[in-house]
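model.txt (compact mmCIF, C-alpha atoms)
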# COMPACT_ATOMS: atom_id res chain seq x y z
CA MET A 109 -20.98 -27.04 5.40
CA LYS A 110 -17.91 -28.98 4.39
CA PRO A 111 -14.92 -30.54 6.11
CA ASP A 112 -11.52 -28.92 5.87
CA ASP A 113 -10.03 -32.19 4.74
CA ALA A 114 -11.07 -35.79 4.18
CA ARG A 115 -9.43 -39.12 3.47
CA ARG A 116 -10.93 -42.53 2.77
CA VAL A 117 -9.73 -45.12 5.25
CA PHE A 118 -11.95 -48.04 4.20
CA GLU A 119 -13.64 -48.72 0.89
CA GLY A 120 -16.10 -51.60 1.09
CA LYS A 121 -18.93 -53.05 -0.96
CA GLN A 122 -21.70 -52.13 1.48
CA ILE A 123 -20.14 -49.15 3.26
CA SER A 124 -17.04 -46.96 3.22
CA VAL A 125 -15.40 -44.90 5.95
CA ASP A 126 -13.90 -41.42 5.68
CA VAL A 127 -11.92 -39.56 8.30
CA GLU A 128 -12.79 -35.88 7.99
CA ARG A 129 -11.16 -32.85 9.55
CA TRP A 130 -13.64 -30.31 10.93
CA GLY A 131 -11.77 -27.45 12.56
CA GLU A 132 -9.77 -29.09 15.34
CA ARG A 133 -11.77 -32.33 15.31
CA ASP A 134 -11.37 -35.55 13.37
CA ARG A 135 -14.62 -37.30 12.55
CA GLU A 136 -14.88 -40.93 11.44
CA ILE A 137 -17.84 -41.06 9.09
CA VAL A 138 -19.50 -44.13 7.61
CA ARG A 139 -20.76 -43.59 4.06
CA HIS A 140 -23.89 -45.46 3.06
CA PRO A 141 -26.05 -45.10 -0.08
CA GLY A 142 -29.28 -44.73 1.91
CA ALA A 143 -32.16 -47.06 2.60
CA VAL A 144 -35.92 -47.40 2.47
CA ALA A 145 -38.46 -49.17 4.70
CA ILE A 146 -42.13 -49.81 4.03
CA VAL A 147 -45.21 -50.06 6.24
CA ALA A 148 -47.19 -52.18 3.79
CA VAL A 149 -50.83 -52.84 4.63
CA ASP A 150 -53.01 -55.28 2.67
CA ALA A 151 -56.76 -55.14 2.09
CA ALA A 152 -57.31 -57.34 5.16
CA GLY A 153 -55.58 -54.72 7.32
CA ARG A 154 -52.42 -56.72 7.92
CA VAL A 155 -48.91 -55.25 8.02
CA THR A 156 -46.16 -57.49 6.65
CA LEU A 157 -42.98 -57.66 8.73
CA VAL A 158 -39.86 -59.68 7.98
CA ARG A 159 -37.79 -61.73 10.36
CA GLN A 160 -34.18 -62.31 9.33
CA LEU A 161 -30.69 -62.78 10.67
CA ARG A 162 -28.93 -59.47 11.30
CA GLU A 163 -25.28 -60.39 11.57
CA PRO A 164 -24.24 -57.29 13.58
CA ALA A 165 -26.84 -58.22 16.23
CA ARG A 166 -25.93 -61.94 16.17
CA LYS A 167 -29.62 -62.78 16.02
CA GLN A 168 -32.82 -62.51 14.05
CA LEU A 169 -34.74 -59.25 14.18
CA LEU A 170 -38.34 -58.43 13.28
CA GLU A 171 -38.39 -55.43 10.95
CA LEU A 172 -40.24 -53.58 8.25
CA PRO A 173 -39.37 -54.75 4.75
CA ALA A 174 -36.41 -52.60 3.80
CA GLY A 175 -33.48 -52.30 1.50
CA THR A 176 -30.54 -50.31 0.30
CA ARG A 177 -30.63 -47.89 -2.62
CA GLU A 178 -28.86 -48.93 -5.76
CA PRO A 179 -26.76 -46.22 -7.46
CA ASP A 180 -28.96 -43.58 -9.15
CA GLU A 181 -32.14 -45.34 -8.07
CA GLU A 182 -35.04 -43.19 -6.93
CA PRO A 183 -36.00 -44.03 -3.32
CA LEU A 184 -39.61 -44.83 -4.25
CA SER A 185 -38.37 -47.26 -6.91
CA THR A 186 -36.10 -48.90 -4.35
CA ALA A 187 -39.02 -49.23 -1.97
CA LYS A 188 -41.34 -50.84 -4.54
CA ARG A 189 -38.59 -53.17 -5.74
CA GLU A 190 -37.64 -54.25 -2.22
CA LEU A 191 -41.24 -54.80 -1.15
CA GLU A 192 -41.81 -57.07 -4.13
CA GLU A 193 -38.51 -58.94 -3.74
CA GLU A 194 -38.64 -59.37 0.01
CA ALA A 195 -42.34 -59.70 0.69
CA GLY A 196 -43.94 -60.54 -2.68
CA LEU A 197 -46.21 -57.49 -2.41
CA ALA A 198 -47.03 -54.80 -4.96
CA GLY A 199 -49.59 -52.14 -5.84
CA GLY A 200 -51.47 -49.99 -3.36
CA ASP A 201 -51.34 -46.29 -2.53
CA TRP A 202 -47.89 -45.05 -1.59
CA ARG A 203 -46.72 -42.01 0.31
CA LEU A 204 -43.53 -40.88 1.97
CA ALA A 205 -44.08 -40.86 5.74
CA ALA A 206 -40.69 -39.81 7.13
CA THR A 207 -37.08 -39.19 6.23
CA PHE A 208 -34.37 -39.46 8.87
CA TYR A 209 -30.75 -40.26 9.57
CA SER A 210 -30.36 -43.65 11.24
CA THR A 211 -27.45 -42.52 13.40
CA PRO A 212 -26.21 -39.06 12.41
CA GLY A 213 -23.31 -38.86 14.86
CA PHE A 214 -21.09 -41.03 12.67
CA CYS A 215 -23.03 -42.16 9.58
CA ASP A 216 -24.66 -40.44 6.59
CA GLU A 217 -27.32 -43.11 5.98
CA VAL A 218 -30.71 -41.54 5.25
CA VAL A 219 -33.75 -43.78 5.69
CA ARG A 220 -37.03 -43.06 3.96
CA VAL A 221 -40.13 -44.72 5.39
CA TYR A 222 -43.09 -45.21 3.08
CA PHE A 223 -46.67 -46.15 3.83
CA ALA A 224 -48.19 -48.45 1.18
CA GLU A 225 -51.86 -49.16 1.76
CA GLY A 226 -53.85 -51.73 -0.17
CA VAL A 227 -50.88 -53.82 -1.35
CA GLU A 228 -51.56 -57.21 -2.97
CA GLU A 229 -49.62 -60.43 -3.25
CA THR A 230 -47.82 -60.84 -6.54
CA GLU A 231 -47.04 -64.04 -8.40
CA ARG A 232 -43.38 -63.44 -7.87
CA ALA A 233 -42.15 -65.35 -4.84
CA PRO A 234 -39.73 -63.64 -2.45
CA GLN A 235 -36.07 -64.52 -3.08
CA GLU A 236 -35.43 -67.81 -1.35
CA ASP A 237 -31.79 -67.12 -0.61
CA GLU A 238 -32.51 -64.12 1.56
CA GLU A 239 -33.76 -66.46 4.30
CA ILE A 240 -36.51 -64.11 5.28
CA GLU A 241 -39.59 -65.16 7.21
CA LEU A 242 -42.71 -63.12 6.49
CA VAL A 243 -44.89 -62.22 9.46
CA ARG A 244 -48.36 -60.76 8.85
CA VAL A 245 -49.68 -58.70 11.75
CA PRO A 246 -53.20 -57.22 11.90
CA VAL A 247 -52.89 -53.48 12.51
CA GLU A 248 -54.75 -53.76 15.82
CA GLU A 249 -52.10 -56.21 17.05
CA LEU A 250 -49.16 -53.88 16.32
CA GLU A 251 -49.38 -51.99 19.58
CA PRO A 252 -48.63 -54.98 21.87
CA LEU A 253 -45.84 -56.01 19.50
CA LEU A 254 -43.90 -52.73 19.88
CA PRO A 255 -41.84 -53.77 22.94
CA GLU A 256 -40.38 -56.62 20.82
CA ILE A 257 -39.20 -54.27 18.07
CA GLU A 258 -35.43 -53.77 18.24
CA ASP A 259 -34.88 -51.78 15.04
CA ALA A 260 -35.06 -47.98 14.99
CA LYS A 261 -36.65 -47.52 11.56
CA THR A 262 -39.28 -50.19 12.30
CA LEU A 263 -40.16 -48.67 15.65
CA ALA A 264 -40.40 -45.15 14.19
CA GLY A 265 -42.34 -46.34 11.13
CA LEU A 266 -44.90 -48.34 13.08
CA LEU A 267 -45.37 -45.59 15.68
CA LEU A 268 -45.93 -43.05 12.89
CA TYR A 269 -48.43 -45.34 11.21
CA LEU A 270 -50.35 -46.01 14.42
CA ARG A 271 -50.42 -42.30 15.22
CA GLU A 272 -51.92 -41.36 11.86
CA ARG A 273 -54.66 -43.94 11.86
CA MET B 120 -24.69 -67.01 16.32
CA LYS B 121 -21.16 -66.29 15.26
CA PRO B 122 -19.30 -65.57 12.03
CA ASP B 123 -17.05 -68.21 10.50
CA ASP B 124 -14.25 -65.70 10.29
CA ALA B 125 -13.60 -62.02 10.97
CA ARG B 126 -10.90 -59.48 10.32
CA ARG B 127 -10.60 -55.87 11.39
CA VAL B 128 -10.22 -53.53 8.43
CA PHE B 129 -10.44 -50.18 10.24
CA GLU B 130 -9.69 -49.33 13.84
CA GLY B 131 -10.80 -45.83 14.76
CA LYS B 132 -11.36 -43.77 17.86
CA GLN B 133 -15.15 -43.53 17.47
CA ILE B 134 -15.86 -46.66 15.43
CA SER B 135 -14.16 -49.70 13.97
CA VAL B 136 -15.06 -51.89 11.02
CA ASP B 137 -14.84 -55.68 10.74
CA VAL B 138 -15.37 -57.80 7.67
CA GLU B 139 -17.03 -61.03 8.78
CA ARG B 140 -17.58 -64.24 6.87
CA TRP B 141 -21.05 -65.72 7.36
CA GLY B 142 -21.42 -68.85 5.24
CA GLU B 143 -20.91 -67.65 1.69
CA ARG B 144 -21.41 -63.99 2.50
CA ASP B 145 -19.00 -61.26 3.57
CA ARG B 146 -20.51 -58.66 5.86
CA GLU B 147 -18.95 -55.25 6.57
CA ILE B 148 -19.89 -54.42 10.15
CA VAL B 149 -19.38 -51.15 11.98
CA ARG B 150 -18.54 -51.62 15.66
CA HIS B 151 -19.82 -48.97 18.05
CA PRO B 152 -19.86 -48.93 21.86
CA GLY B 153 -23.56 -48.08 22.05
CA ALA B 154 -25.45 -44.90 22.85
CA VAL B 155 -28.16 -43.40 25.01
CA ALA B 156 -30.79 -40.71 24.40
CA ILE B 157 -33.03 -39.01 26.92
CA VAL B 158 -36.56 -37.58 26.79
CA ALA B 159 -36.05 -35.21 29.71
CA VAL B 160 -39.13 -33.35 30.96
CA ASP B 161 -38.93 -30.56 33.54
CA ALA B 162 -41.54 -29.56 36.13
CA ALA B 163 -42.99 -27.02 33.68
CA GLY B 164 -43.67 -29.83 31.18
CA ARG B 165 -40.94 -28.86 28.75
CA VAL B 166 -38.75 -31.34 26.86
CA THR B 167 -35.17 -30.24 26.24
CA LEU B 168 -33.81 -30.86 22.75
CA VAL B 169 -30.36 -30.02 21.43
CA ARG B 170 -29.44 -28.50 18.10
CA GLN B 171 -25.91 -29.19 16.90
CA LEU B 172 -23.81 -29.72 13.81
CA ARG B 173 -23.84 -33.33 12.67
CA GLU B 174 -20.91 -33.59 10.33
CA PRO B 175 -22.19 -36.64 8.40
CA ALA B 176 -25.37 -34.68 7.55
CA ARG B 177 -23.46 -31.48 6.73
CA LYS B 178 -25.95 -29.53 8.82
CA GLN B 179 -27.42 -28.97 12.24
CA LEU B 180 -30.00 -31.43 13.52
CA LEU B 181 -32.52 -31.15 16.34
CA GLU B 182 -32.21 -34.20 18.58
CA LEU B 183 -32.73 -35.63 22.02
CA PRO B 184 -29.75 -35.15 24.32
CA ALA B 185 -27.62 -38.21 23.66
CA GLY B 186 -24.18 -39.64 23.98
CA THR B 187 -21.88 -42.57 23.51
CA ARG B 188 -21.11 -45.10 26.23
CA GLU B 189 -17.67 -45.01 27.75
CA PRO B 190 -15.98 -48.39 28.25
CA ASP B 191 -17.55 -50.36 31.11
CA GLU B 192 -20.03 -47.59 31.82
CA GLU B 193 -23.59 -48.58 32.70
CA PRO B 194 -26.06 -47.13 30.17
CA LEU B 195 -28.08 -45.33 32.86
CA SER B 196 -24.89 -43.69 34.15
CA THR B 197 -24.04 -42.61 30.61
CA ALA B 198 -27.50 -41.13 30.22
CA LYS B 199 -27.36 -39.14 33.47
CA ARG B 200 -23.83 -37.93 32.71
CA GLU B 201 -24.71 -36.86 29.17
CA LEU B 202 -27.90 -35.08 30.22
CA GLU B 203 -25.97 -33.06 32.77
CA GLU B 204 -23.05 -32.31 30.46
CA GLU B 205 -25.10 -31.48 27.38
CA ALA B 206 -28.22 -29.93 28.85
CA GLY B 207 -27.33 -28.98 32.43
CA LEU B 208 -30.18 -31.11 33.76
CA ALA B 209 -30.25 -33.65 36.59
CA GLY B 210 -32.59 -35.43 38.99
CA GLY B 211 -36.08 -36.64 38.19
CA ASP B 212 -37.61 -40.08 37.79
CA TRP B 213 -35.85 -42.24 35.23
CA ARG B 214 -36.96 -45.29 33.32
CA LEU B 215 -35.79 -47.21 30.28
CA ALA B 216 -38.32 -46.68 27.48
CA ALA B 217 -36.81 -48.59 24.55
CA THR B 218 -33.72 -50.41 23.35
CA PHE B 219 -33.01 -50.76 19.64
CA TYR B 220 -30.35 -51.07 16.98
CA SER B 221 -29.91 -47.82 15.06
CA THR B 222 -29.21 -49.59 11.76
CA PRO B 223 -28.80 -53.34 12.23
CA GLY B 224 -27.99 -54.20 8.63
CA PHE B 225 -24.39 -53.08 9.00
CA CYS B 226 -23.81 -51.71 12.51
CA ASP B 227 -23.95 -53.11 16.05
CA GLU B 228 -24.81 -49.82 17.76
CA VAL B 229 -27.53 -50.30 20.41
CA VAL B 230 -29.41 -47.19 21.50
CA ARG B 231 -31.20 -47.01 24.83
CA VAL B 232 -33.86 -44.32 25.20
CA TYR B 233 -34.71 -43.15 28.71
CA PHE B 234 -37.57 -41.05 29.98
CA ALA B 235 -36.54 -38.67 32.78
CA GLU B 236 -39.47 -36.79 34.28
CA GLY B 237 -39.12 -33.93 36.72
CA VAL B 238 -35.53 -33.00 35.83
CA GLU B 239 -34.09 -29.76 37.22
CA GLU B 240 -31.42 -27.35 36.07
CA THR B 241 -28.07 -27.85 37.75
CA GLU B 242 -25.44 -25.26 38.55
CA ARG B 243 -23.10 -26.93 36.15
CA ALA B 244 -23.24 -25.20 32.77
CA PRO B 245 -23.23 -27.34 29.62
CA GLN B 246 -19.79 -27.74 28.04
CA GLU B 247 -19.22 -24.66 25.92
CA ASP B 248 -17.04 -26.38 23.36
CA GLU B 249 -19.74 -28.75 22.26
CA GLU B 250 -21.49 -25.90 20.44
CA ILE B 251 -24.89 -27.14 21.38
CA GLU B 252 -28.00 -25.01 21.39
CA LEU B 253 -30.64 -26.01 23.91
CA VAL B 254 -34.25 -25.90 22.76
CA ARG B 255 -37.05 -26.25 25.33
CA VAL B 256 -40.32 -27.49 23.86
CA PRO B 257 -43.58 -27.76 25.82
CA VAL B 258 -44.87 -31.33 25.54
CA GLU B 259 -48.04 -30.15 23.81
CA GLU B 260 -45.91 -28.55 21.06
CA LEU B 261 -43.97 -31.74 20.28
CA GLU B 262 -46.56 -33.14 17.90
CA PRO B 263 -46.31 -30.33 15.30
CA LEU B 264 -42.51 -30.48 15.59
CA LEU B 265 -42.27 -34.14 14.53
CA PRO B 266 -42.05 -33.51 10.77
CA GLU B 267 -38.87 -31.49 11.41
CA ILE B 268 -37.15 -34.34 13.26
CA GLU B 269 -34.51 -35.98 11.09
CA ASP B 270 -32.94 -38.33 13.62
CA ALA B 271 -34.25 -41.88 14.14
CA LYS B 272 -33.71 -42.15 17.90
CA THR B 273 -35.30 -38.72 18.48
CA LEU B 274 -38.33 -39.56 16.36
CA ALA B 275 -38.80 -42.94 18.04
CA GLY B 276 -38.22 -41.52 21.52
CA LEU B 277 -40.65 -38.63 21.14
CA LEU B 278 -43.32 -40.83 19.53
CA LEU B 279 -43.01 -43.31 22.40
CA TYR B 280 -43.28 -40.53 24.95
CA LEU B 281 -46.33 -38.97 23.29
CA ARG B 282 -48.00 -42.38 23.05
CA GLU B 283 -47.57 -43.13 26.74
CA ARG B 284 -48.92 -39.83 28.01
File written out as structure tokens:
Amino acid sequence: MKPDDARRVFEGKQISVDVERWGERDREIVRHPGAVAIVAVDAAGRVTLVRQLREPARKQLLELPAGTREPDEEPLSTAKRELEEEAGLAGGDWRLAATFYSTPGFCDEVVRVYFAEGVEETERAPQEDEEIELVRVPVEELEPLLPEIEDAKTLAGLLLYLRER
Amino acid sequence: MKPDDARRVFEGKQISVDVERWGERDREIVRHPGAVAIVAVDAAGRVTLVRQLREPARKQLLELPAGTREPDEEPLSTAKRELEEEAGLAGGDWRLAATFYSTPGFCDEVVRVYFAEGVEETERAPQEDEEIELVRVPVEELEPLLPEIEDAKTLAGLLLYLRER
């Protein structure tokens, strides 16, 4: 399926916006390269979450480690790179747990959630300038934490992980 | 928390985009009025899902009934209006199940998911022009359907509902 017509109305560094003609309707569509998020569990059974300022929300949010795909990067490579950069974690057994659109009414962003079990701390420290606080949560303490989660991919990822255990 | 500076770079009918200055960083932020989604369960224990074209995805997706807030509309009113318009369902016991950002890295959209149990069909037919197919799924058949769900709010909403049963 394709639009009858399309024009770019905003070209940014993180996102772009197209207005597309579909039959008699105009659709404003945000273009995004796609993202990954990781439920990373260490040998002690702790999931690492990250707390950071999310400018659109005007506050800090507690989320899964996540990141945006670079051009031509495989999603699994993005996920392993982001987990190491953001959380200083590597290794473990990886699998793709879910693939979904974050908000398909007006945006083409696809999020892939990975489970990584048995991850270990690396020597590489997380990037200081990202101002990210790492929060380690034992798996059995995830359930009571869910009402505090305000991010769709984190909520879906943790619920999927808890369901499969 | 507030940006140091902001300028609107796209003003649309469905969304707008601002570029904000936060310290040394520019952030491209999509502005959205917010949305609701409903896990609506009828007396026979069936959840109503909707299948419709999502232009950004270039295909049809299976999702919870959902909609965008009108200006100054209370989220619960939006949810009841959308459920009636999209699915022809009304009544039942309503509660707010979750509130989250759909993709907080670059968008301020907040999604509220409601559970509505005991909904009934109304005389009012769903709007024909929305080209929405209604799919009724018995609650016990939701679990095997999850791998087909490609929408974040639907996945999170159904997982939350299944967890609370």
Take chain A, superimpose it onto chain B by least squares using every C-alpha atom paired in sequence order, and output the result as a JSON list (two decimals) with C-alpha atoms, in the frame of the given file.
[["chain", "number", "residue", "atom", "x", "y", "z"],
["A", 109, "MET", "CA", -24.68, -67.04, 16.32],
["A", 110, "LYS", "CA", -21.15, -66.27, 15.26],
["A", 111, "PRO", "CA", -19.31, -65.57, 12.03],
["A", 112, "ASP", "CA", -17.06, -68.20, 10.50],
["A", 113, "ASP", "CA", -14.26, -65.69, 10.28],
["A", 114, "ALA", "CA", -13.61, -62.02, 10.97],
["A", 115, "ARG", "CA", -10.91, -59.47, 10.32],
["A", 116, "ARG", "CA", -10.60, -55.84, 11.39],
["A", 117, "VAL", "CA", -10.23, -53.53, 8.42],
["A", 118, "PHE", "CA", -10.44, -50.18, 10.24],
["A", 119, "GLU", "CA", -9.69, -49.33, 13.84],
["A", 120, "GLY", "CA", -10.79, -45.82, 14.76],
["A", 121, "LYS", "CA", -11.38, -43.76, 17.88],
["A", 122, "GLN", "CA", -15.15, -43.52, 17.49],
["A", 123, "ILE", "CA", -15.88, -46.64, 15.44],
["A", 124, "SER", "CA", -14.16, -49.69, 13.97],
["A", 125, "VAL", "CA", -15.06, -51.88, 11.01],
["A", 126, "ASP", "CA", -14.85, -55.67, 10.74],
["A", 127, "VAL", "CA", -15.36, -57.79, 7.66],
["A", 128, "GLU", "CA", -17.02, -61.02, 8.77],
["A", 129, "ARG", "CA", -17.59, -64.24, 6.87],
["A", 130, "TRP", "CA", -21.06, -65.72, 7.35],
["A", 131, "GLY", "CA", -21.43, -68.84, 5.25],
["A", 132, "GLU", "CA", -20.91, -67.65, 1.68],
["A", 133, "ARG", "CA", -21.41, -63.96, 2.50],
["A", 134, "ASP", "CA", -19.02, -61.24, 3.56],
["A", 135, "ARG", "CA", -20.51, -58.65, 5.87],
["A", 136, "GLU", "CA", -18.95, -55.25, 6.58],
["A", 137, "ILE", "CA", -19.89, -54.43, 10.15],
["A", 138, "VAL", "CA", -19.38, -51.15, 11.99],
["A", 139, "ARG", "CA", -18.55, -51.62, 15.67],
["A", 140, "HIS", "CA", -19.82, -48.96, 18.05],
["A", 141, "PRO", "CA", -19.86, -48.94, 21.88],
["A", 142, "GLY", "CA", -23.56, -48.07, 22.06],
["A", 143, "ALA", "CA", -25.43, -44.89, 22.86],
["A", 144, "VAL", "CA", -28.15, -43.40, 25.02],
["A", 145, "ALA", "CA", -30.78, -40.71, 24.41],
["A", 146, "ILE", "CA", -33.04, -39.01, 26.93],
["A", 147, "VAL", "CA", -36.55, -37.59, 26.79],
["A", 148, "ALA", "CA", -36.05, -35.21, 29.70],
["A", 149, "VAL", "CA", -39.11, -33.35, 30.96],
["A", 150, "ASP", "CA", -38.94, -30.56, 33.55],
["A", 151, "ALA", "CA", -41.55, -29.57, 36.12],
["A", 152, "ALA", "CA", -42.98, -27.01, 33.68],
["A", 153, "GLY", "CA", -43.67, -29.82, 31.19],
["A", 154, "ARG", "CA", -40.94, -28.86, 28.74],
["A", 155, "VAL", "CA", -38.75, -31.35, 26.86],
["A", 156, "THR", "CA", -35.17, -30.24, 26.25],
["A", 157, "LEU", "CA", -33.82, -30.87, 22.75],
["A", 158, "VAL", "CA", -30.36, -30.02, 21.44],
["A", 159, "ARG", "CA", -29.44, -28.50, 18.12],
["A", 160, "GLN", "CA", -25.91, -29.20, 16.92],
["A", 161, "LEU", "CA", -23.81, -29.72, 13.83],
["A", 162, "ARG", "CA", -23.85, -33.34, 12.66],
["A", 163, "GLU", "CA", -20.90, -33.59, 10.32],
["A", 164, "PRO", "CA", -22.19, -36.65, 8.39],
["A", 165, "ALA", "CA", -25.37, -34.69, 7.55],
["A", 166, "ARG", "CA", -23.46, -31.47, 6.73],
["A", 167, "LYS", "CA", -25.96, -29.53, 8.81],
["A", 168, "GLN", "CA", -27.41, -28.97, 12.24],
["A", 169, "LEU", "CA", -29.99, -31.43, 13.52],
["A", 170, "LEU", "CA", -32.52, -31.16, 16.34],
["A", 171, "GLU", "CA", -32.22, -34.20, 18.59],
["A", 172, "LEU", "CA", -32.73, -35.63, 22.03],
["A", 173, "PRO", "CA", -29.75, -35.15, 24.32],
["A", 174, "ALA", "CA", -27.62, -38.21, 23.68],
["A", 175, "GLY", "CA", -24.18, -39.64, 23.98],
["A", 176, "THR", "CA", -21.88, -42.56, 23.54],
["A", 177, "ARG", "CA", -21.10, -45.11, 26.24],
["A", 178, "GLU", "CA", -17.66, -45.00, 27.75],
["A", 179, "PRO", "CA", -15.96, -48.39, 28.26],
["A", 180, "ASP", "CA", -17.55, -50.35, 31.14],
["A", 181, "GLU", "CA", -20.04, -47.58, 31.83],
["A", 182, "GLU", "CA", -23.59, -48.58, 32.71],
["A", 183, "PRO", "CA", -26.06, -47.13, 30.18],
["A", 184, "LEU", "CA", -28.07, -45.33, 32.87],
["A", 185, "SER", "CA", -24.88, -43.69, 34.14],
["A", 186, "THR", "CA", -24.03, -42.60, 30.61],
["A", 187, "ALA", "CA", -27.50, -41.14, 30.23],
["A", 188, "LYS", "CA", -27.35, -39.14, 33.48],
["A", 189, "ARG", "CA", -23.83, -37.93, 32.71],
["A", 190, "GLU", "CA", -24.71, -36.86, 29.17],
["A", 191, "LEU", "CA", -27.90, -35.10, 30.23],
["A", 192, "GLU", "CA", -25.98, -33.07, 32.79],
["A", 193, "GLU", "CA", -23.06, -32.31, 30.45],
["A", 194, "GLU", "CA", -25.10, -31.49, 27.38],
["A", 195, "ALA", "CA", -28.23, -29.94, 28.84],
["A", 196, "GLY", "CA", -27.33, -28.98, 32.43],
["A", 197, "LEU", "CA", -30.19, -31.12, 33.76],
["A", 198, "ALA", "CA", -30.25, -33.65, 36.59],
["A", 199, "GLY", "CA", -32.58, -35.44, 39.00],
["A", 200, "GLY", "CA", -36.08, -36.63, 38.20],
["A", 201, "ASP", "CA", -37.60, -40.08, 37.81],
["A", 202, "TRP", "CA", -35.86, -42.25, 35.24],
["A", 203, "ARG", "CA", -36.97, -45.30, 33.32],
["A", 204, "LEU", "CA", -35.79, -47.21, 30.29],
["A", 205, "ALA", "CA", -38.31, -46.68, 27.48],
["A", 206, "ALA", "CA", -36.80, -48.60, 24.56],
["A", 207, "THR", "CA", -33.71, -50.41, 23.36],
["A", 208, "PHE", "CA", -33.00, -50.75, 19.65],
["A", 209, "TYR", "CA", -30.35, -51.07, 16.99],
["A", 210, "SER", "CA", -29.91, -47.82, 15.06],
["A", 211, "THR", "CA", -29.22, -49.59, 11.77],
["A", 212, "PRO", "CA", -28.81, -53.35, 12.24],
["A", 213, "GLY", "CA", -27.99, -54.21, 8.63],
["A", 214, "PHE", "CA", -24.39, -53.08, 8.99],
["A", 215, "CYS", "CA", -23.81, -51.70, 12.51],
["A", 216, "ASP", "CA", -23.95, -53.11, 16.05],
["A", 217, "GLU", "CA", -24.82, -49.81, 17.77],
["A", 218, "VAL", "CA", -27.52, -50.30, 20.41],
["A", 219, "VAL", "CA", -29.40, -47.18, 21.51],
["A", 220, "ARG", "CA", -31.20, -47.00, 24.83],
["A", 221, "VAL", "CA", -33.85, -44.31, 25.20],
["A", 222, "TYR", "CA", -34.70, -43.15, 28.70],
["A", 223, "PHE", "CA", -37.58, -41.06, 29.98],
["A", 224, "ALA", "CA", -36.55, -38.67, 32.78],
["A", 225, "GLU", "CA", -39.48, -36.79, 34.27],
["A", 226, "GLY", "CA", -39.13, -33.93, 36.71],
["A", 227, "VAL", "CA", -35.53, -33.01, 35.84],
["A", 228, "GLU", "CA", -34.09, -29.75, 37.22],
["A", 229, "GLU", "CA", -31.42, -27.35, 36.06],
["A", 230, "THR", "CA", -28.08, -27.86, 37.74],
["A", 231, "GLU", "CA", -25.44, -25.27, 38.53],
["A", 232, "ARG", "CA", -23.10, -26.93, 36.12],
["A", 233, "ALA", "CA", -23.23, -25.22, 32.75],
["A", 234, "PRO", "CA", -23.23, -27.36, 29.60],
["A", 235, "GLN", "CA", -19.79, -27.74, 28.00],
["A", 236, "GLU", "CA", -19.22, -24.67, 25.89],
["A", 237, "ASP", "CA", -17.04, -26.39, 23.33],
["A", 238, "GLU", "CA", -19.74, -28.78, 22.23],
["A", 239, "GLU", "CA", -21.49, -25.91, 20.43],
["A", 240, "ILE", "CA", -24.89, -27.16, 21.38],
["A", 241, "GLU", "CA", -28.00, -25.01, 21.39],
["A", 242, "LEU", "CA", -30.65, -26.03, 23.91],
["A", 243, "VAL", "CA", -34.26, -25.89, 22.76],
["A", 244, "ARG", "CA", -37.05, -26.24, 25.33],
["A", 245, "VAL", "CA", -40.33, -27.48, 23.87],
["A", 246, "PRO", "CA", -43.59, -27.75, 25.84],
["A", 247, "VAL", "CA", -44.87, -31.32, 25.53],
["A", 248, "GLU", "CA", -48.05, -30.14, 23.80],
["A", 249, "GLU", "CA", -45.91, -28.54, 21.07],
["A", 250, "LEU", "CA", -43.98, -31.74, 20.27],
["A", 251, "GLU", "CA", -46.55, -33.13, 17.89],
["A", 252, "PRO", "CA", -46.30, -30.32, 15.29],
["A", 253, "LEU", "CA", -42.51, -30.46, 15.60],
["A", 254, "LEU", "CA", -42.26, -34.13, 14.53],
["A", 255, "PRO", "CA", -42.04, -33.50, 10.76],
["A", 256, "GLU", "CA", -38.85, -31.48, 11.42],
["A", 257, "ILE", "CA", -37.15, -34.34, 13.27],
["A", 258, "GLU", "CA", -34.50, -35.98, 11.09],
["A", 259, "ASP", "CA", -32.93, -38.35, 13.62],
["A", 260, "ALA", "CA", -34.24, -41.88, 14.14],
["A", 261, "LYS", "CA", -33.71, -42.16, 17.90],
["A", 262, "THR", "CA", -35.30, -38.74, 18.48],
["A", 263, "LEU", "CA", -38.32, -39.56, 16.35],
["A", 264, "ALA", "CA", -38.80, -42.95, 18.04],
["A", 265, "GLY", "CA", -38.23, -41.52, 21.52],
["A", 266, "LEU", "CA", -40.65, -38.63, 21.14],
["A", 267, "LEU", "CA", -43.32, -40.82, 19.52],
["A", 268, "LEU", "CA", -43.00, -43.32, 22.38],
["A", 269, "TYR", "CA", -43.28, -40.54, 24.93],
["A", 270, "LEU", "CA", -46.32, -38.98, 23.28],
["A", 271, "ARG", "CA", -47.99, -42.38, 23.02],
["A", 272, "GLU", "CA", -47.58, -43.13, 26.72],
["A", 273, "ARG", "CA", -48.88, -39.83, 27.99]]
### Query
Got a sec to pull out which chain B residues are within 9 Å of chain A, counting only C-alpha atoms, and send them as JSON, numbers by chain?
{"B": [120, 121, 122, 128, 129, 131, 132, 133, 134, 136, 139, 141, 146, 147, 148, 149, 150, 173, 174, 175, 176, 177, 178, 180, 217, 218, 219, 220, 221, 222, 223, 224, 225, 226, 227, 228, 229, 230, 266, 268, 269, 270, 271, 272, 274, 275, 276, 278, 279, 282]}
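You will find atom CA of Arg177 of chain A at 7.4 Å from atom CA of Val144 of chain A.
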### Separation of atom CA of Ala151 of chain A from atom CA of Asp201 of chain A, in Å and rounded to one decimal
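These atoms are spaced 11.4 Å apart.
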### Message
Can you pull out the residues contacting segment 248-262 of chain B? Cut-off 10 Å, using all atoms listed in the file, and skip same-chain residues under 4 positions away; I want them as a PyMOL selection string.
### Response
chain B and resi 160-161+163-172+179+181-184+204-207+266+277-278+280-281+284
### Task
For atom CA of Val232 of chain B and atom CA of Pro194 of chain B, quote the distance in Å rounded to one decimal.
9.7 Å
